[in-house]
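Pasting final.csv here (CSV, C-alpha atoms):
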```csv
chain,number,residue,atom,x,y,z
E,231,MET,CA,213.0,-81.1,-84.1
E,232,ALA,CA,210.2,-82.5,-86.2
E,233,LYS,CA,206.7,-82.3,-84.8
E,234,ARG,CA,205.7,-85.7,-83.6
E,235,ALA,CA,202.2,-87.0,-84.2
E,236,ALA,CA,200.3,-87.9,-81.1
E,237,PRO,CA,200.3,-91.7,-80.8
E,238,GLU,CA,196.9,-93.2,-81.5
E,239,VAL,CA,195.1,-94.8,-78.6
E,240,ASN,CA,194.4,-98.4,-79.2
E,241,ALA,CA,190.7,-99.0,-79.4
E,242,GLY,CA,190.9,-102.7,-79.7
E,243,SER,CA,189.7,-103.4,-76.2
E,244,MET,CA,186.7,-101.1,-76.6
E,245,ALA,CA,184.6,-104.1,-77.7
E,246,ASP,CA,185.6,-106.1,-74.7
E,247,ILE,CA,184.5,-103.3,-72.4
E,248,ALA,CA,181.2,-102.9,-74.1
E,249,PHE,CA,180.6,-106.7,-74.0
E,250,LEU,CA,181.3,-106.7,-70.3
E,251,LEU,CA,178.7,-104.0,-69.7
E,252,LEU,CA,176.2,-105.7,-72.0
E,253,ILE,CA,176.5,-109.0,-70.2
E,254,PHE,CA,176.2,-107.2,-66.8
E,255,PHE,CA,172.9,-105.7,-68.0
E,256,LEU,CA,171.7,-108.9,-69.5
E,257,VAL,CA,172.2,-110.7,-66.2
E,258,THR,CA,170.8,-108.1,-63.7
E,259,THR,CA,167.7,-106.9,-65.5
E,260,THR,CA,164.4,-108.5,-66.6
E,261,ILE,CA,161.9,-107.4,-69.2
E,262,GLU,CA,159.0,-106.5,-66.9
E,263,THR,CA,155.4,-107.6,-67.5
E,264,ASP,CA,153.4,-104.7,-66.3
E,265,SER,CA,149.9,-105.3,-67.6
E,266,GLY,CA,147.0,-107.3,-66.5
E,267,ILE,CA,143.4,-107.4,-65.6
E,268,ASN,CA,142.4,-104.8,-63.0
E,269,ARG,CA,139.8,-105.8,-60.5
E,270,LYS,CA,138.4,-104.3,-57.4
E,271,LEU,CA,137.7,-106.5,-54.4
E,272,PRO,CA,134.6,-105.9,-52.3
E,273,PRO,CA,135.1,-104.4,-48.9
E,274,THR,CA,134.8,-106.7,-45.9
E,275,ASP,CA,132.1,-105.0,-43.9
E,276,GLU,CA,128.9,-107.0,-44.0
E,277,VAL,CA,125.9,-105.5,-45.8
E,278,VAL,CA,123.1,-105.4,-43.3
E,279,ASP,CA,120.2,-106.1,-45.6
E,280,PRO,CA,121.4,-107.0,-49.1
E,281,PRO,CA,119.3,-105.6,-51.9
E,282,ILE,CA,116.8,-108.0,-53.5
E,283,ILE,CA,117.9,-108.8,-57.0
E,284,LYS,CA,115.7,-110.6,-59.5
E,285,GLU,CA,116.9,-114.0,-60.6
E,286,ARG,CA,116.7,-113.0,-64.2
E,287,ASN,CA,119.1,-110.1,-63.7
E,288,ILE,CA,121.9,-112.4,-62.5
E,289,PHE,CA,124.1,-114.3,-64.9
E,290,THR,CA,125.8,-117.1,-63.0
E,291,VAL,CA,129.1,-118.5,-64.2
E,292,VAL,CA,130.5,-121.4,-62.2
E,293,VAL,CA,133.9,-122.9,-62.9
E,294,ASN,CA,134.3,-126.3,-61.2
E,295,LYS,CA,137.4,-128.2,-60.1
E,296,ASP,CA,137.8,-129.9,-63.5
E,297,ASN,CA,137.8,-126.4,-65.1
E,298,ARG,CA,134.5,-126.9,-66.8
E,299,LEU,CA,132.0,-124.1,-67.1
E,300,LEU,CA,128.4,-124.0,-66.0
E,301,VAL,CA,126.6,-120.9,-67.2
E,302,GLU,CA,123.0,-120.3,-66.2
E,303,GLU,CA,122.7,-124.0,-65.2
E,304,ASP,CA,123.9,-125.2,-68.6
E,305,ILE,CA,127.3,-126.6,-69.6
E,306,MET,CA,129.1,-124.2,-71.9
E,307,GLU,CA,132.4,-124.1,-73.7
E,308,LEU,CA,134.7,-121.1,-72.9
E,309,SER,CA,134.6,-120.0,-76.5
E,310,GLU,CA,130.8,-119.4,-76.3
E,311,LEU,CA,131.0,-117.4,-73.0
E,312,ARG,CA,131.7,-114.0,-74.5
E,313,GLN,CA,128.6,-114.2,-76.8
E,314,ALA,CA,126.4,-115.5,-74.0
E,315,ALA,CA,127.5,-112.7,-71.7
E,316,ILE,CA,126.9,-110.1,-74.4
E,317,ALA,CA,123.5,-111.5,-75.1
E,318,PHE,CA,122.7,-111.3,-71.4
E,319,LEU,CA,124.0,-107.8,-70.8
E,320,ASP,CA,122.5,-106.4,-74.0
E,321,ASN,CA,119.1,-108.1,-73.6
E,322,GLY,CA,117.1,-105.1,-72.4
E,323,GLY,CA,113.9,-107.0,-71.5
E,324,GLY,CA,112.7,-104.3,-69.0
E,325,GLN,CA,109.3,-102.6,-69.4
E,326,GLY,CA,108.3,-99.0,-68.6
E,327,GLU,CA,110.8,-97.4,-66.3
E,328,GLU,CA,113.3,-100.2,-66.7
E,329,ALA,CA,113.3,-100.2,-70.4
E,330,CYS,CA,116.7,-99.8,-72.1
E,331,ASP,CA,116.6,-97.7,-75.3
E,332,TYR,CA,120.1,-98.4,-76.5
E,333,CYS,CA,120.1,-102.1,-76.1
E,334,GLN,CA,120.1,-104.2,-79.3
E,335,GLY,CA,119.4,-107.6,-77.7
E,336,LYS,CA,116.4,-109.8,-78.1
E,337,GLY,CA,114.4,-108.3,-75.2
E,338,ASP,CA,113.8,-111.7,-73.7
E,339,SER,CA,111.7,-111.5,-70.6
E,340,SER,CA,113.6,-114.3,-68.9
E,341,SER,CA,116.9,-112.5,-69.2
E,342,SER,CA,118.2,-109.1,-67.9
E,343,ASP,CA,116.0,-106.0,-67.6
E,344,ASN,CA,118.7,-103.5,-68.5
E,345,PRO,CA,122.5,-103.3,-68.4
E,346,GLU,CA,122.5,-101.2,-65.2
E,347,LYS,CA,120.7,-104.0,-63.3
E,348,ALA,CA,122.5,-106.9,-64.9
E,349,ILE,CA,125.0,-108.6,-62.7
E,350,ILE,CA,127.5,-111.3,-63.7
E,351,SER,CA,128.2,-113.6,-60.8
E,352,LEU,CA,131.4,-115.6,-61.0
E,353,LYS,CA,132.0,-118.6,-58.7
E,354,ASN,CA,134.9,-120.9,-58.7
E,355,ASP,CA,136.1,-123.9,-56.8
E,356,ARG,CA,139.2,-124.0,-54.7
E,357,GLU,CA,140.7,-126.4,-57.1
E,358,THR,CA,140.0,-124.4,-60.3
E,359,SER,CA,143.2,-123.7,-62.1
E,360,TYR,CA,144.3,-120.1,-62.0
E,361,LYS,CA,144.9,-119.8,-65.8
E,362,VAL,CA,141.4,-121.0,-66.6
E,363,TYR,CA,140.0,-118.5,-64.1
E,364,ILE,CA,142.0,-115.8,-65.8
E,365,ALA,CA,140.6,-117.0,-69.2
E,366,VAL,CA,137.1,-116.7,-67.9
E,367,GLN,CA,137.7,-113.3,-66.4
E,368,ASN,CA,139.2,-112.2,-69.7
E,369,GLU,CA,136.2,-113.3,-71.6
E,370,LEU,CA,133.8,-111.6,-69.2
E,371,VAL,CA,135.8,-108.4,-69.4
E,372,ALA,CA,135.9,-108.8,-73.2
E,373,ALA,CA,132.1,-108.9,-73.2
E,374,TYR,CA,131.9,-105.6,-71.4
E,375,ASN,CA,134.6,-104.1,-73.6
E,376,ASP,CA,132.8,-105.2,-76.8
E,377,LEU,CA,129.6,-103.6,-75.7
E,378,ARG,CA,131.3,-100.4,-74.5
E,379,ASP,CA,133.2,-100.2,-77.8
E,380,ARG,CA,129.9,-100.4,-79.7
E,381,GLU,CA,128.3,-97.7,-77.5
E,382,PHE,CA,131.4,-95.5,-77.7
E,383,ALA,CA,131.4,-95.7,-81.5
E,384,LEU,CA,127.7,-94.8,-81.6
E,385,LEU,CA,128.1,-91.8,-79.3
E,386,ASN,CA,131.3,-90.5,-80.8
E,387,PRO,CA,131.3,-91.5,-84.4
E,388,MET,CA,133.9,-88.9,-85.3
E,389,SER,CA,136.5,-89.8,-82.7
E,390,GLY,CA,138.1,-92.6,-84.6
E,391,LEU,CA,138.9,-94.4,-81.4
E,392,THR,CA,137.3,-97.4,-79.7
E,393,TYR,CA,136.4,-97.4,-76.1
E,394,THR,CA,139.4,-99.5,-75.1
E,395,GLU,CA,141.8,-97.3,-77.1
E,396,ALA,CA,140.2,-94.2,-75.5
E,397,GLN,CA,140.5,-95.7,-72.1
E,398,LYS,CA,144.2,-96.5,-72.7
E,399,ARG,CA,144.8,-92.9,-73.8
E,400,TYR,CA,143.0,-91.7,-70.7
E,401,SER,CA,145.2,-93.7,-68.3
E,402,ASP,CA,148.4,-92.9,-70.2
E,403,PRO,CA,150.4,-90.4,-68.2
E,404,ARG,CA,151.8,-88.8,-71.4
E,405,THR,CA,148.3,-87.7,-72.5
E,406,SER,CA,147.8,-84.0,-72.0
E,407,ALA,CA,145.4,-82.8,-69.4
E,408,ASP,CA,143.2,-81.1,-72.0
E,409,GLU,CA,142.7,-84.4,-73.9
E,410,LYS,CA,142.0,-86.2,-70.7
E,411,ALA,CA,139.3,-83.7,-69.7
E,412,GLN,CA,137.8,-84.1,-73.1
E,413,LEU,CA,137.8,-87.9,-72.9
E,414,LYS,CA,136.5,-88.3,-69.4
E,415,PRO,CA,132.8,-87.4,-70.0
E,416,LYS,CA,132.7,-89.6,-73.1
E,417,LEU,CA,134.1,-92.5,-71.2
E,418,ASP,CA,131.8,-92.0,-68.2
E,419,GLU,CA,128.8,-91.9,-70.4
E,420,VAL,CA,129.7,-95.3,-71.8
E,421,LYS,CA,130.4,-96.6,-68.4
E,422,THR,CA,127.0,-95.6,-67.1
E,423,ARG,CA,125.4,-97.4,-70.0
E,424,PHE,CA,127.3,-100.6,-69.4
E,425,PRO,CA,128.5,-100.6,-65.8
E,426,GLN,CA,130.9,-103.4,-65.0
E,427,LYS,CA,129.0,-105.4,-62.4
E,428,LEU,CA,131.0,-108.5,-61.9
E,429,SER,CA,130.6,-110.1,-58.5
E,430,GLU,CA,132.7,-112.9,-57.2
E,431,ALA,CA,131.4,-115.3,-54.7
E,432,GLU,CA,133.7,-116.9,-52.2
E,433,PRO,CA,134.9,-120.2,-53.5
E,434,SER,CA,133.2,-123.4,-52.6
E,435,LYS,CA,135.1,-126.2,-50.9
E,436,THR,CA,135.6,-129.4,-52.7
E,437,LYS,CA,134.0,-132.3,-50.8
Z,187,MET,CA,205.7,-103.7,-118.3
Z,188,SER,CA,202.0,-103.4,-117.6
Z,189,LYS,CA,200.7,-100.6,-115.5
Z,190,PHE,CA,198.3,-102.8,-113.7
Z,191,LYS,CA,200.5,-104.9,-111.5
Z,192,LYS,CA,198.9,-107.9,-110.1
Z,193,LYS,CA,198.7,-107.7,-106.4
Z,194,LYS,CA,201.0,-110.2,-104.9
Z,195,GLY,CA,200.0,-112.9,-102.4
Z,196,GLY,CA,196.8,-114.8,-102.1
Z,197,ASP,CA,196.1,-114.1,-98.4
Z,198,LEU,CA,192.9,-112.4,-97.6
Z,199,PRO,CA,192.9,-108.9,-96.0
Z,200,ALA,CA,191.9,-108.9,-92.3
Z,201,ILE,CA,188.3,-108.0,-91.6
Z,202,SER,CA,188.1,-104.7,-89.9
Z,203,THR,CA,186.7,-105.0,-86.4
Z,204,ALA,CA,186.6,-101.2,-85.8
Z,205,SER,CA,182.8,-101.2,-85.8
Z,206,LEU,CA,182.4,-104.1,-83.4
Z,207,PRO,CA,182.3,-101.8,-80.4
Z,208,ASP,CA,179.5,-99.8,-82.1
Z,209,ILE,CA,177.4,-102.8,-82.6
Z,210,VAL,CA,177.9,-104.0,-79.0
Z,211,PHE,CA,177.1,-100.6,-77.6
Z,212,MET,CA,174.0,-100.5,-79.7
Z,213,LEU,CA,172.9,-103.8,-78.1
Z,214,LEU,CA,173.9,-102.5,-74.7
Z,215,PHE,CA,171.7,-99.4,-75.0
Z,216,PHE,CA,168.8,-101.5,-76.2
Z,217,PHE,CA,168.9,-103.6,-73.1
Z,218,MET,CA,169.5,-100.7,-70.8
Z,219,VAL,CA,166.4,-99.0,-72.2
Z,220,ALA,CA,164.0,-102.0,-72.6
Z,221,THR,CA,164.6,-103.7,-69.3
Z,222,VAL,CA,164.4,-102.9,-65.6
Z,223,MET,CA,166.5,-104.0,-62.7
Z,224,ARG,CA,165.3,-107.2,-61.1
Z,225,ASP,CA,164.2,-106.4,-57.6
Z,226,SER,CA,163.5,-109.8,-56.1
Z,227,THR,CA,164.9,-113.1,-57.0
Z,228,LEU,CA,162.1,-115.5,-57.9
Z,229,MET,CA,162.1,-118.7,-55.9
Z,230,ILE,CA,159.0,-120.0,-57.6
Z,231,GLN,CA,158.0,-120.9,-61.1
Z,232,ASN,CA,156.2,-118.0,-62.6
Z,233,SER,CA,154.7,-118.5,-66.0
Z,234,LEU,CA,151.9,-116.1,-66.1
Z,235,PRO,CA,148.6,-116.9,-67.8
Z,236,ALA,CA,147.7,-115.1,-71.0
Z,237,ALA,CA,144.9,-112.5,-71.5
Z,238,ASP,CA,144.1,-109.9,-74.0
Z,239,GLN,CA,141.7,-107.5,-72.2
Z,240,ILE,CA,144.4,-106.0,-70.2
Z,241,GLN,CA,145.2,-102.6,-68.8
Z,242,LYS,CA,148.6,-101.2,-68.0
Z,243,LEU,CA,149.7,-101.2,-64.4
Z,244,ASP,CA,150.2,-98.0,-62.6
Z,245,LYS,CA,153.7,-96.4,-62.0
Z,246,LYS,CA,156.0,-98.7,-60.2
Z,247,ASP,CA,156.0,-96.8,-56.9
Z,248,ARG,CA,152.3,-97.4,-56.6
Z,249,VAL,CA,152.4,-101.1,-57.0
Z,250,MET,CA,153.3,-103.9,-54.6
Z,251,TYR,CA,153.9,-107.4,-55.9
Z,252,ILE,CA,152.8,-110.7,-54.5
Z,253,TYR,CA,154.2,-113.8,-56.2
Z,254,ALA,CA,152.8,-117.3,-56.0
Z,255,GLY,CA,153.5,-120.6,-57.6
Z,256,LYS,CA,155.2,-123.9,-57.1
Z,257,PRO,CA,158.8,-123.7,-55.7
Z,258,SER,CA,161.3,-123.8,-58.5
Z,259,SER,CA,163.5,-126.9,-58.8
Z,260,ARG,CA,166.2,-125.6,-56.5
Z,261,TYR,CA,163.9,-125.2,-53.6
Z,262,LYS,CA,161.8,-128.3,-54.2
Z,263,ASP,CA,163.6,-130.4,-51.6
Z,264,LYS,CA,163.2,-127.9,-48.9
Z,265,TYR,CA,159.7,-126.5,-49.5
Z,266,GLY,CA,157.9,-129.3,-51.4
Z,267,THR,CA,155.9,-129.0,-54.5
Z,268,GLN,CA,152.8,-127.3,-53.2
Z,269,ALA,CA,152.2,-123.8,-54.5
Z,270,ARG,CA,153.4,-121.1,-52.1
Z,271,ILE,CA,153.4,-117.4,-51.8
Z,272,GLN,CA,156.6,-115.3,-52.1
Z,273,LEU,CA,156.8,-111.9,-50.6
Z,274,ASN,CA,160.0,-109.9,-51.3
Z,275,ASP,CA,162.7,-112.6,-51.1
Z,276,LYS,CA,161.1,-115.0,-48.8
Z,277,PHE,CA,158.5,-117.8,-48.9
Z,278,ALA,CA,155.5,-116.8,-46.8
Z,279,ASP,CA,152.2,-118.1,-45.5
Z,280,VAL,CA,148.8,-116.7,-46.2
Z,281,GLY,CA,148.9,-115.2,-42.7
Z,282,ASP,CA,151.9,-113.0,-43.6
Z,283,VAL,CA,150.2,-111.3,-46.5
Z,284,ALA,CA,148.3,-108.8,-44.3
Z,285,ALA,CA,151.5,-107.8,-42.5
Z,286,PHE,CA,153.4,-107.4,-45.8
Z,287,VAL,CA,150.7,-105.1,-47.2
Z,288,LEU,CA,150.7,-102.9,-44.1
Z,289,ALA,CA,154.5,-102.7,-44.1
Z,290,GLU,CA,154.6,-101.9,-47.9
Z,291,ARG,CA,151.9,-99.3,-47.4
Z,292,ALA,CA,153.8,-97.7,-44.5
Z,293,SER,CA,156.9,-97.5,-46.6
Z,294,LYS,CA,155.3,-95.5,-49.4
Z,295,ARG,CA,154.8,-91.7,-49.4
Z,296,GLN,CA,151.7,-90.4,-47.7
Z,297,GLU,CA,149.9,-89.3,-50.8
Z,298,LEU,CA,150.4,-92.7,-52.5
Z,299,GLN,CA,149.1,-94.8,-49.6
Z,300,ASN,CA,145.5,-94.7,-50.7
Z,301,VAL,CA,146.1,-95.4,-54.4
Z,302,LEU,CA,148.3,-98.5,-54.1
Z,303,THR,CA,147.6,-101.5,-56.4
Z,304,THR,CA,148.5,-105.1,-55.5
Z,305,ALA,CA,149.8,-107.0,-58.5
Z,306,LEU,CA,149.3,-110.7,-58.2
Z,307,LYS,CA,151.9,-112.5,-60.2
Z,308,VAL,CA,150.6,-116.0,-59.9
Z,309,ASP,CA,151.8,-119.0,-61.9
Z,310,GLY,CA,149.1,-120.4,-64.2
Z,311,GLU,CA,149.2,-123.9,-62.6
Z,312,THR,CA,148.2,-122.6,-59.2
Z,313,ASN,CA,144.9,-123.6,-57.7
Z,314,MET,CA,142.4,-120.8,-57.1
Z,315,GLY,CA,142.2,-121.8,-53.4
Z,316,LEU,CA,145.5,-120.1,-52.7
Z,317,VAL,CA,144.6,-117.0,-54.8
Z,318,SER,CA,141.3,-116.7,-53.0
Z,319,ASP,CA,143.1,-116.9,-49.6
Z,320,ILE,CA,145.3,-114.1,-50.7
Z,321,LYS,CA,142.3,-112.1,-51.8
Z,322,GLN,CA,140.6,-112.6,-48.5
Z,323,GLU,CA,143.7,-111.4,-46.7
Z,324,LEU,CA,143.9,-108.3,-48.9
Z,325,ARG,CA,140.3,-107.5,-48.2
Z,326,LYS,CA,141.0,-107.7,-44.4
Z,327,VAL,CA,143.6,-104.9,-44.8
Z,328,ASN,CA,141.5,-103.0,-47.2
Z,329,ALA,CA,143.9,-103.3,-50.1
Z,330,LEU,CA,141.1,-103.6,-52.6
Z,331,LYS,CA,142.7,-102.6,-55.9
Z,332,ILE,CA,144.3,-105.7,-57.4
Z,333,ASN,CA,145.7,-106.6,-60.8
Z,334,TYR,CA,146.1,-110.1,-62.1
Z,335,THR,CA,149.3,-109.7,-64.0
Z,336,THR,CA,149.2,-111.6,-67.2
Z,337,ARG,CA,151.1,-112.1,-70.4
Z,338,VAL,CA,149.6,-110.6,-73.6
Z,339,GLY,CA,148.1,-113.4,-75.5
Z,340,ASP,CA,144.9,-115.1,-76.5
Z,341,TYR,CA,142.9,-116.8,-73.8
Z,342,THR,CA,143.0,-120.2,-75.6
Z,343,GLN,CA,146.6,-120.5,-74.6
Z,344,ASN,CA,145.5,-121.1,-71.1
Z,345,MET,CA,143.3,-124.1,-71.9
Z,346,ASN,CA,145.9,-126.7,-72.5
```

Please go through the file and, once you have read it, give me the structure as structure tokens.
Amino acid sequence: MAKRAAPEVNAGSMADIAFLLLIFFLVTTTIETDSGINRKLPPTDEVVDPPIIKERNIFTVVVNKDNRLLVEEDIMELSELRQAAIAFLDNGGGQGEEACDYCQGKGDSSSSDNPEKAIISLKNDRETSYKVYIAVQNELVAAYNDLRDREFALLNPMSGLTYTEAQKRYSDPRTSADEKAQLKPKLDEVKTRFPQKLSEAEPSKTK
Amino acid sequence: MSKFKKKKGGDLPAISTASLPDIVFMLLFFFMVATVMRDSTLMIQNSLPAADQIQKLDKKDRVMYIYAGKPSSRYKDKYGTQARIQLNDKFADVGDVAAFVLAERASKRQELQNVLTTALKVDGETNMGLVSDIKQELRKVNALKINYTTRVGDYTQNMN
């Protein structure tokens, strides 16, 4: 008897099966947003005697209920906030012990002494819109990041990375332990030069 | 007589669909890799604000999510139009946040309990009052690491 060829399996319905699976995954999954602005809340316990901070070392940002900005008692547009914050942090107006040898600011005696003392205080109203608040936070963090990028480039001219890129590599779980150990002192150095001191007051009630 | 016989008939040959499954499988694999399973059904509107100075969130098992925003159209009749908090699959009050955080913390492994981050997925149209209330509750239970989850984008998108 002649050898019979094995009958071919009909693959016409393969596409249907694949479509079925595809639609199942389209419906049950989402593309996750897994990034954002990290913040640390202050602990609740009351500070017994709060340290005395000079007025000129505080940069007050107030966002009112109409989403308008008041920066250091002046009305300001959000687009100018980053520059104003950089100018404040980088001012370096301190004398003697409080002098700041890496600051490139004007050295104005009515602005901050040095970046370690400079505090940005953010205050918002209960009716401030969340997205405006995020925009303000974003700009203030951007001011710190810009300055840290500059310092990082000055300290490590050969690395070819900016501070933000280095930070990203450092927090990436795929980066090797060796590289992390190498990055950590560099990052810490920059962080001590421009520590992120962003204080948030409890919101005011609208009257 | 000619050797080149004209092919008979004017009807077009059928297009082969043999590669259709391959194409669909390719799409399938893309979606399987690029997406994650939905873990809670959102009952609120949740269009996140945009920011560009962002950091990546920690691994998923170290994060707990708090959603807030206006109830979506299906729930408007029942829950009104005021912004509300959603924890897991339920609407919640500000007072429930602390209990939720403690329960979440207890459900995690011992070594992760101190490194948990709270991701706030808050709709852009929400008032800061609600967000501040959540933050106060988080402070009470010592969940101090928070993350304002945002879209990637320029801040000016938030201004209109």

Would you mind listing what lies within 7 Å of Ile267 in chain E as a compact mmCIF listing (two decimals) with C-alpha atoms, in the frame of the given file, with all atoms listed in the file counted and same-chain residues fewer than 6 positions away left out?
```
# COMPACT_ATOMS: atom_id res chain seq x y z
CA GLN Z 239 141.70 -107.50 -72.20
CA ILE Z 240 144.40 -106.00 -70.20
CA GLN Z 241 145.20 -102.60 -68.80
CA ASN Z 333 145.70 -106.60 -60.80
CA TYR Z 334 146.10 -110.10 -62.10
CA THR Z 335 149.30 -109.70 -64.00
```

Write out as a CSV table (one decimal) with C-alpha atoms, keeping the file's coordinate frame every residue belonging to chain Z that has an atom at most 7 Å from any atom of chain E, counting all atoms listed in the file.
```
chain,number,residue,atom,x,y,z
Z,206,LEU,CA,182.4,-104.1,-83.4
Z,207,PRO,CA,182.3,-101.8,-80.4
Z,210,VAL,CA,177.9,-104.0,-79.0
Z,211,PHE,CA,177.1,-100.6,-77.6
Z,214,LEU,CA,173.9,-102.5,-74.7
Z,217,PHE,CA,168.9,-103.6,-73.1
Z,218,MET,CA,169.5,-100.7,-70.8
Z,220,ALA,CA,164.0,-102.0,-72.6
Z,221,THR,CA,164.6,-103.7,-69.3
Z,222,VAL,CA,164.4,-102.9,-65.6
Z,223,MET,CA,166.5,-104.0,-62.7
Z,224,ARG,CA,165.3,-107.2,-61.1
Z,235,PRO,CA,148.6,-116.9,-67.8
Z,237,ALA,CA,144.9,-112.5,-71.5
Z,238,ASP,CA,144.1,-109.9,-74.0
Z,239,GLN,CA,141.7,-107.5,-72.2
Z,240,ILE,CA,144.4,-106.0,-70.2
Z,241,GLN,CA,145.2,-102.6,-68.8
Z,242,LYS,CA,148.6,-101.2,-68.0
Z,243,LEU,CA,149.7,-101.2,-64.4
Z,310,GLY,CA,149.1,-120.4,-64.2
Z,311,GLU,CA,149.2,-123.9,-62.6
Z,312,THR,CA,148.2,-122.6,-59.2
Z,313,ASN,CA,144.9,-123.6,-57.7
Z,314,MET,CA,142.4,-120.8,-57.1
Z,315,GLY,CA,142.2,-121.8,-53.4
Z,325,ARG,CA,140.3,-107.5,-48.2
Z,326,LYS,CA,141.0,-107.7,-44.4
Z,328,ASN,CA,141.5,-103.0,-47.2
Z,330,LEU,CA,141.1,-103.6,-52.6
Z,331,LYS,CA,142.7,-102.6,-55.9
Z,332,ILE,CA,144.3,-105.7,-57.4
Z,333,ASN,CA,145.7,-106.6,-60.8
Z,334,TYR,CA,146.1,-110.1,-62.1
Z,335,THR,CA,149.3,-109.7,-64.0
Z,336,THR,CA,149.2,-111.6,-67.2
Z,337,ARG,CA,151.1,-112.1,-70.4
Z,341,TYR,CA,142.9,-116.8,-73.8
Z,344,ASN,CA,145.5,-121.1,-71.1
Z,345,MET,CA,143.3,-124.1,-71.9
```

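The residue that comes closest to Ile283 in chain E, out of E:Ile350, E:Leu384, E:Gly390, E:Asp379 and on the basis of all atoms listed in the file, is E:Ile350.
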
Gap from CA of Leu299 in chain E to CA of Ala317 in chain E - Å, one decimal:
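Result for CA of Leu299 in chain E versus CA of Ala317 in chain E: 17.2 Å, one decimal.
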
Near Ala254 in chain Z, within 8 Å and counting only C-alpha atoms, which residues show up once chain neighbours fewer than 3 positions away are dropped, as a PyMOL selection string?
chain Z and resi 230+232+269-272+306-309+312

Set the distance at 12 Å and use only C-alpha atoms: which residues neighbour range 343-345 of chain E once local chain neighbours fewer than 5 positions away are removed? I'd like the list as a PyMOL selection string.
chain E and resi 283-289+315-338+350+374+377-378+420-428

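Across the model, the gap from CA of Met250 in chain Z to CA of Ala329 in chain Z is 10.4 Å.
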
Between CA of Arg380 in chain E and CA of Ser351 in chain E, what is the spacing in Å?
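Interatomic distance here is 23.1 Å.
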